[in-house]
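Structure first, then comments.
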Amino acid sequence: MLVDNRTNRFIRVNNNAAELFGYSEAELKKMTPSDLSTQGEGPGEKHNPEKEEQIIRPARRKDGTIITVKIQVSYSDKFYLCLISDVTEEYRIRRALELNQERLKEAQRIGQFGWWEFRPETGRYYVSEDLFQLYNEDLFAPSFTYHDHLSNTHPEDRSYVRSVVEDAIDKRKDSYSLVYRVISRSGNIKTVAINAHNKYDETGKLVSRYGTVQDVSETQKIMNELIAARRHAEESDQLKTAFLANFSHEIRTPLNAMMGFINILTSMNTTGKERDEMLALIETNSQRLLRLINDMIDLSRIESNNLEIKYTNVEINGFLSSMKSSVSCEQATSGKGDLRIKLIKDDNTQHVYQYIDELRLSQIFNNLLNNALKFTEEGEISYGYNVTRNMNRTNITYFVKDTGPGISPDRHKEIFKPFVQFWSEEKPKVQGAGLGLAICSRMTELMKGQIWVDSSEGKGSAFYFSFNTPVSVE
């Protein structure tokens, strides 16, 4: 199409131009380039005579349809020449490809996956930007080696990854998949899922491996939580079964004793001395039953997160001194008056305070002292605390020690579980449901503390516990 510079009208067009726009040659010679443009301005209206232009723009045919044309413009003093090509289909395909690429990239971003290809001849992985960001967090590189791949893999999973890949190649598998952990350069651990395909030539030689990698960290986290919840439910079910078995047995024992003595008292003639003995046994069994019920209530409240902790500033020396009477009473009840019981405290300080729940601290001490009384036949039981100073911080470590039979080191963790008791065949099983240490462990955790035991068979036991709450010494 030839255009006059002065009038900006077409002065000559060929048949192809007429067919392209749907006009006759006579109609086109009465028109200007802007009549065909959808943008109101055609080539040549602002032109440089010494410069050729290539323009891609939409144009309107006579029937109103819009097409995309590529215009090569050559200028002269009197006219300019437009060579026009219809690139509608080409640009439609190009735009579709661009759109698909954008959608794929967005899908990779949302799905947190990328593509990769491994070429045996180079020993390198060629990856998408999304995949590299998955491994290295916003640091892009076009490829990395097989060694780099293994070094980014979690040490515990490297042998697994290597064995799966090598097995797939050795057995000429067409595809394989695996899930493992990777470590980013910043140290974050992510779980990824690999879907891989192997390509072989006619001789069975591996040509390439390619596939996708998806970040499934959140999915794996949810699965782990579900597994943990299932395990917790199974443990709760086992705990319920153990509770029913142990509680029913432990609660019947004192009840049967109490009912038996009451029946004797009401149905038989007894002396005053016999009545006093029976009443003492009834009281002992009632105390045992009450303690068992209280322990079960406390454990139930702890397990359901309903145990209330009330922090106050407790003066520890006075608190421990006030426990002497209850400890002496327990000692008398247990019939072990020959045992030496010692209170050990810091005599260099008049007042030691800790921000703690006094009632729960008392329960922990009472449970540990009751255990010591149950298992210690001779020697001594000591209880108290030690004060240590580290930098600008003061800490208190409480303890209850005994000269009982001791506990094997491989059982130290087990004894803090509900209903767990250990005894030897030479000695009869002591009374109790095995809840005392479990309650102590749960309570120390609730009060930001920890409890542990130092013991071995034949050398007694020492239980220690401490709390990460403020301490002051005067």
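How things are named: the first chain in the structure tokens is A, the next is B, and so on; residues count from 1 in each chain; ligands count from 1 in the order shown.
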Query raised in the report: Can you tell me, as JSON, numbers by chain, what residues are no more than 12 Å from Gln363 of chain A when counting only C-alpha atoms, ignoring any on the same chain fewer than 2 positions away?
Result: {"A": [291, 294, 295, 298, 323, 326, 357, 358, 359, 360, 361, 365, 366, 367, 368, 369, 370, 436, 437, 438, 439, 440, 441, 442, 443, 444]}
Report task. Give the alpha helix (DSSP H) residues of segment 329-456 of chain A, as DSSP finds them on the backbone, and put them as number ranges by chain. Result -> A: 329-334, 358-375, 436-446
Go ahead and dump the residues you just picked, N, CA and C atoms, as an mmCIF file, in the first residue's frame.
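The resulting out24.cif:
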```cif
data_model
loop_
_atom_site.group_PDB
_atom_site.id
_atom_site.type_symbol
_atom_site.label_atom_id
_atom_site.label_comp_id
_atom_site.auth_asym_id
_atom_site.auth_seq_id
_atom_site.Cartn_x
_atom_site.Cartn_y
_atom_site.Cartn_z
ATOM 1 N N CYS A 329 3.480 -37.496 110.750
ATOM 2 C CA CYS A 329 2.217 -38.241 110.770
ATOM 3 C C CYS A 329 2.242 -39.383 109.769
ATOM 4 N N GLU A 330 2.730 -39.108 108.562
ATOM 5 C CA GLU A 330 2.843 -40.146 107.538
ATOM 6 C C GLU A 330 3.806 -41.244 107.965
ATOM 7 N N GLN A 331 4.872 -40.830 108.627
ATOM 8 C CA GLN A 331 5.853 -41.810 109.097
ATOM 9 C C GLN A 331 5.222 -42.727 110.143
ATOM 10 N N ALA A 332 4.461 -42.139 111.036
ATOM 11 C CA ALA A 332 3.808 -42.948 112.071
ATOM 12 C C ALA A 332 2.766 -43.879 111.458
ATOM 13 N N THR A 333 2.010 -43.375 110.507
ATOM 14 C CA THR A 333 0.986 -44.188 109.849
ATOM 15 C C THR A 333 1.595 -45.363 109.113
ATOM 16 N N SER A 334 2.757 -45.140 108.496
ATOM 17 C CA SER A 334 3.413 -46.201 107.731
ATOM 18 C C SER A 334 4.090 -47.226 108.626
ATOM 19 N N GLU A 358 2.032 -22.659 95.989
ATOM 20 C CA GLU A 358 2.379 -23.334 97.251
ATOM 21 C C GLU A 358 1.662 -24.675 97.382
ATOM 22 N N LEU A 359 0.392 -24.728 96.967
ATOM 23 C CA LEU A 359 -0.366 -25.969 97.096
ATOM 24 C C LEU A 359 0.249 -27.076 96.224
ATOM 25 N N ARG A 360 0.599 -26.736 94.980
ATOM 26 C CA ARG A 360 1.166 -27.748 94.074
ATOM 27 C C ARG A 360 2.572 -28.157 94.512
ATOM 28 N N LEU A 361 3.330 -27.200 95.050
ATOM 29 C CA LEU A 361 4.649 -27.538 95.580
ATOM 30 C C LEU A 361 4.517 -28.519 96.742
ATOM 31 N N SER A 362 3.514 -28.292 97.584
ATOM 32 C CA SER A 362 3.265 -29.189 98.704
ATOM 33 C C SER A 362 2.875 -30.584 98.210
ATOM 34 N N GLN A 363 2.056 -30.650 97.152
ATOM 35 C CA GLN A 363 1.652 -31.947 96.609
ATOM 36 C C GLN A 363 2.853 -32.724 96.072
ATOM 37 N N ILE A 364 3.736 -32.021 95.393
ATOM 38 C CA ILE A 364 4.919 -32.690 94.839
ATOM 39 C C ILE A 364 5.780 -33.263 95.962
ATOM 40 N N PHE A 365 6.045 -32.451 96.983
ATOM 41 C CA PHE A 365 6.843 -32.926 98.118
ATOM 42 C C PHE A 365 6.157 -34.111 98.804
ATOM 43 N N ASN A 366 4.855 -34.011 99.038
ATOM 44 C CA ASN A 366 4.131 -35.077 99.740
ATOM 45 C C ASN A 366 4.168 -36.382 98.952
ATOM 46 N N ASN A 367 3.978 -36.302 97.623
ATOM 47 C CA ASN A 367 4.015 -37.517 96.802
ATOM 48 C C ASN A 367 5.388 -38.159 96.841
ATOM 49 N N LEU A 368 6.438 -37.340 96.741
ATOM 50 C CA LEU A 368 7.797 -37.886 96.754
ATOM 51 C C LEU A 368 8.144 -38.464 98.129
ATOM 52 N N LEU A 369 7.727 -37.788 99.203
ATOM 53 C CA LEU A 369 8.003 -38.292 100.551
ATOM 54 C C LEU A 369 7.222 -39.573 100.836
ATOM 55 N N ASN A 370 5.960 -39.641 100.358
ATOM 56 C CA ASN A 370 5.166 -40.856 100.539
ATOM 57 C C ASN A 370 5.812 -42.034 99.824
ATOM 58 N N ASN A 371 6.329 -41.778 98.611
ATOM 59 C CA ASN A 371 7.023 -42.828 97.876
ATOM 60 C C ASN A 371 8.263 -43.291 98.631
ATOM 61 N N ALA A 372 9.017 -42.320 99.146
ATOM 62 C CA ALA A 372 10.234 -42.666 99.885
ATOM 63 C C ALA A 372 9.894 -43.517 101.105
ATOM 64 N N LEU A 373 8.805 -43.168 101.814
ATOM 65 C CA LEU A 373 8.393 -43.941 102.981
ATOM 66 C C LEU A 373 7.951 -45.354 102.595
ATOM 67 N N LYS A 374 7.301 -45.478 101.453
ATOM 68 C CA LYS A 374 6.833 -46.792 101.020
ATOM 69 C C LYS A 374 7.997 -47.738 100.739
ATOM 70 N N PHE A 375 9.027 -47.221 100.085
ATOM 71 C CA PHE A 375 10.085 -48.088 99.563
ATOM 72 C C PHE A 375 11.316 -48.180 100.466
ATOM 73 N N GLY A 436 1.664 -41.209 91.797
ATOM 74 C CA GLY A 436 2.359 -40.113 92.466
ATOM 75 C C GLY A 436 3.397 -39.438 91.606
ATOM 76 N N LEU A 437 4.310 -40.205 90.982
ATOM 77 C CA LEU A 437 5.367 -39.605 90.173
ATOM 78 C C LEU A 437 4.815 -39.005 88.888
ATOM 79 N N ALA A 438 3.758 -39.621 88.321
ATOM 80 C CA ALA A 438 3.137 -39.058 87.112
ATOM 81 C C ALA A 438 2.563 -37.680 87.411
ATOM 82 N N ILE A 439 1.917 -37.540 88.571
ATOM 83 C CA ILE A 439 1.361 -36.239 88.955
ATOM 84 C C ILE A 439 2.479 -35.232 89.199
ATOM 85 N N CYS A 440 3.561 -35.668 89.856
ATOM 86 C CA CYS A 440 4.701 -34.763 90.083
ATOM 87 C C CYS A 440 5.268 -34.264 88.759
ATOM 88 N N SER A 441 5.419 -35.166 87.800
ATOM 89 C CA SER A 441 5.974 -34.788 86.498
ATOM 90 C C SER A 441 5.085 -33.791 85.780
ATOM 91 N N ARG A 442 3.768 -34.054 85.782
ATOM 92 C CA ARG A 442 2.835 -33.152 85.090
ATOM 93 C C ARG A 442 2.795 -31.782 85.767
ATOM 94 N N MET A 443 2.822 -31.779 87.082
ATOM 95 C CA MET A 443 2.729 -30.497 87.802
ATOM 96 C C MET A 443 3.976 -29.643 87.591
ATOM 97 N N THR A 444 5.147 -30.269 87.604
ATOM 98 C CA THR A 444 6.363 -29.478 87.372
ATOM 99 C C THR A 444 6.360 -28.889 85.968
ATOM 100 N N GLU A 445 5.854 -29.634 84.993
ATOM 101 C CA GLU A 445 5.762 -29.107 83.626
ATOM 102 C C GLU A 445 4.818 -27.916 83.573
ATOM 103 N N LEU A 446 3.667 -28.035 84.258
ATOM 104 C CA LEU A 446 2.707 -26.936 84.254
ATOM 105 C C LEU A 446 3.271 -25.683 84.902
#
```
**Report entry** Top pick for closest residue to Glu90 of chain A, considering A:Thr68, A:Glu234, A:Val73, A:Ser328 and counting only C-alpha atoms
**Finding:**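 Distance minimum relative to Glu90 of chain A lands on A:Thr68.
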Query raised in the report: Residues at most 7 Å from Tyr176 of chain A, counting only C-alpha atoms, excluding those fewer than 4 positions away in the same chain, as a list in words?
Result: Ala168, Asn195, Ala196 and His197 of chain A
Could you save those same residues with C-alpha atoms as a CSV table (one decimal), in the first residue's frame?
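Listing of selection_20.csv after writing:
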```csv
chain,number,residue,atom,x,y,z
A,168,ALA,CA,15.0,-47.2,39.4
A,195,ASN,CA,7.7,-37.5,40.7
A,196,ALA,CA,10.3,-38.6,38.2
A,197,HIS,CA,10.4,-40.2,34.7
```
**Report entry** Shell of 9 Å around Val164 of chain A, only C-alpha atoms, local chain residues under 3 positions omitted, as a ChimeraX atom specification
**Finding:** /A:159-161,167-169,176-178
Restricting it to N, CA and C atoms, dump the selection as a PDB file, in the first residue's frame.
```
ATOM      1  N   SER A 159      20.775 -41.616  52.097  1.00  0.00           N
ATOM      2  CA  SER A 159      20.889 -43.004  51.639  1.00  0.00           C
ATOM      3  C   SER A 159      19.584 -43.482  51.022  1.00  0.00           C
ATOM      4  N   TYR A 160      18.458 -43.036  51.567  1.00  0.00           N
ATOM      5  CA  TYR A 160      17.149 -43.386  51.016  1.00  0.00           C
ATOM      6  C   TYR A 160      16.981 -42.845  49.604  1.00  0.00           C
ATOM      7  N   VAL A 161      17.320 -41.563  49.397  1.00  0.00           N
ATOM      8  CA  VAL A 161      17.202 -40.954  48.065  1.00  0.00           C
ATOM      9  C   VAL A 161      18.111 -41.663  47.074  1.00  0.00           C
ATOM     10  N   ASP A 167      18.049 -47.711  42.268  1.00  0.00           N
ATOM     11  CA  ASP A 167      17.199 -48.875  42.007  1.00  0.00           C
ATOM     12  C   ASP A 167      16.354 -48.664  40.753  1.00  0.00           C
ATOM     13  N   ALA A 168      15.831 -47.443  40.577  1.00  0.00           N
ATOM     14  CA  ALA A 168      15.014 -47.153  39.386  1.00  0.00           C
ATOM     15  C   ALA A 168      15.850 -47.266  38.109  1.00  0.00           C
ATOM     16  N   ILE A 169      17.107 -46.808  38.156  1.00  0.00           N
ATOM     17  CA  ILE A 169      17.974 -46.872  36.980  1.00  0.00           C
ATOM     18  C   ILE A 169      18.415 -48.314  36.704  1.00  0.00           C
ATOM     19  N   TYR A 176       9.339 -43.176  38.982  1.00  0.00           N
ATOM     20  CA  TYR A 176       9.431 -43.451  40.410  1.00  0.00           C
ATOM     21  C   TYR A 176       9.056 -42.180  41.161  1.00  0.00           C
ATOM     22  N   SER A 177       8.784 -42.343  42.430  1.00  0.00           N
ATOM     23  CA  SER A 177       8.442 -41.189  43.267  1.00  0.00           C
ATOM     24  C   SER A 177       9.011 -41.411  44.660  1.00  0.00           C
ATOM     25  N   LEU A 178       9.252 -40.331  45.359  1.00  0.00           N
ATOM     26  CA  LEU A 178       9.766 -40.404  46.722  1.00  0.00           C
ATOM     27  C   LEU A 178       9.494 -39.098  47.452  1.00  0.00           C
TER      28      LEU A 178
END
```
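Shortest atom-to-atom contact with Ser217 of chain A among A:Glu315, A:Glu121, A:Arg181, A:Gly434: A:Arg181, counting only C-alpha atoms.
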Requested in this report: Find the distance between atom CA of Gln54 of chain A and atom CA of Arg6 of chain A and write it in Å to one decimal.
Outcome: 21.4 Å
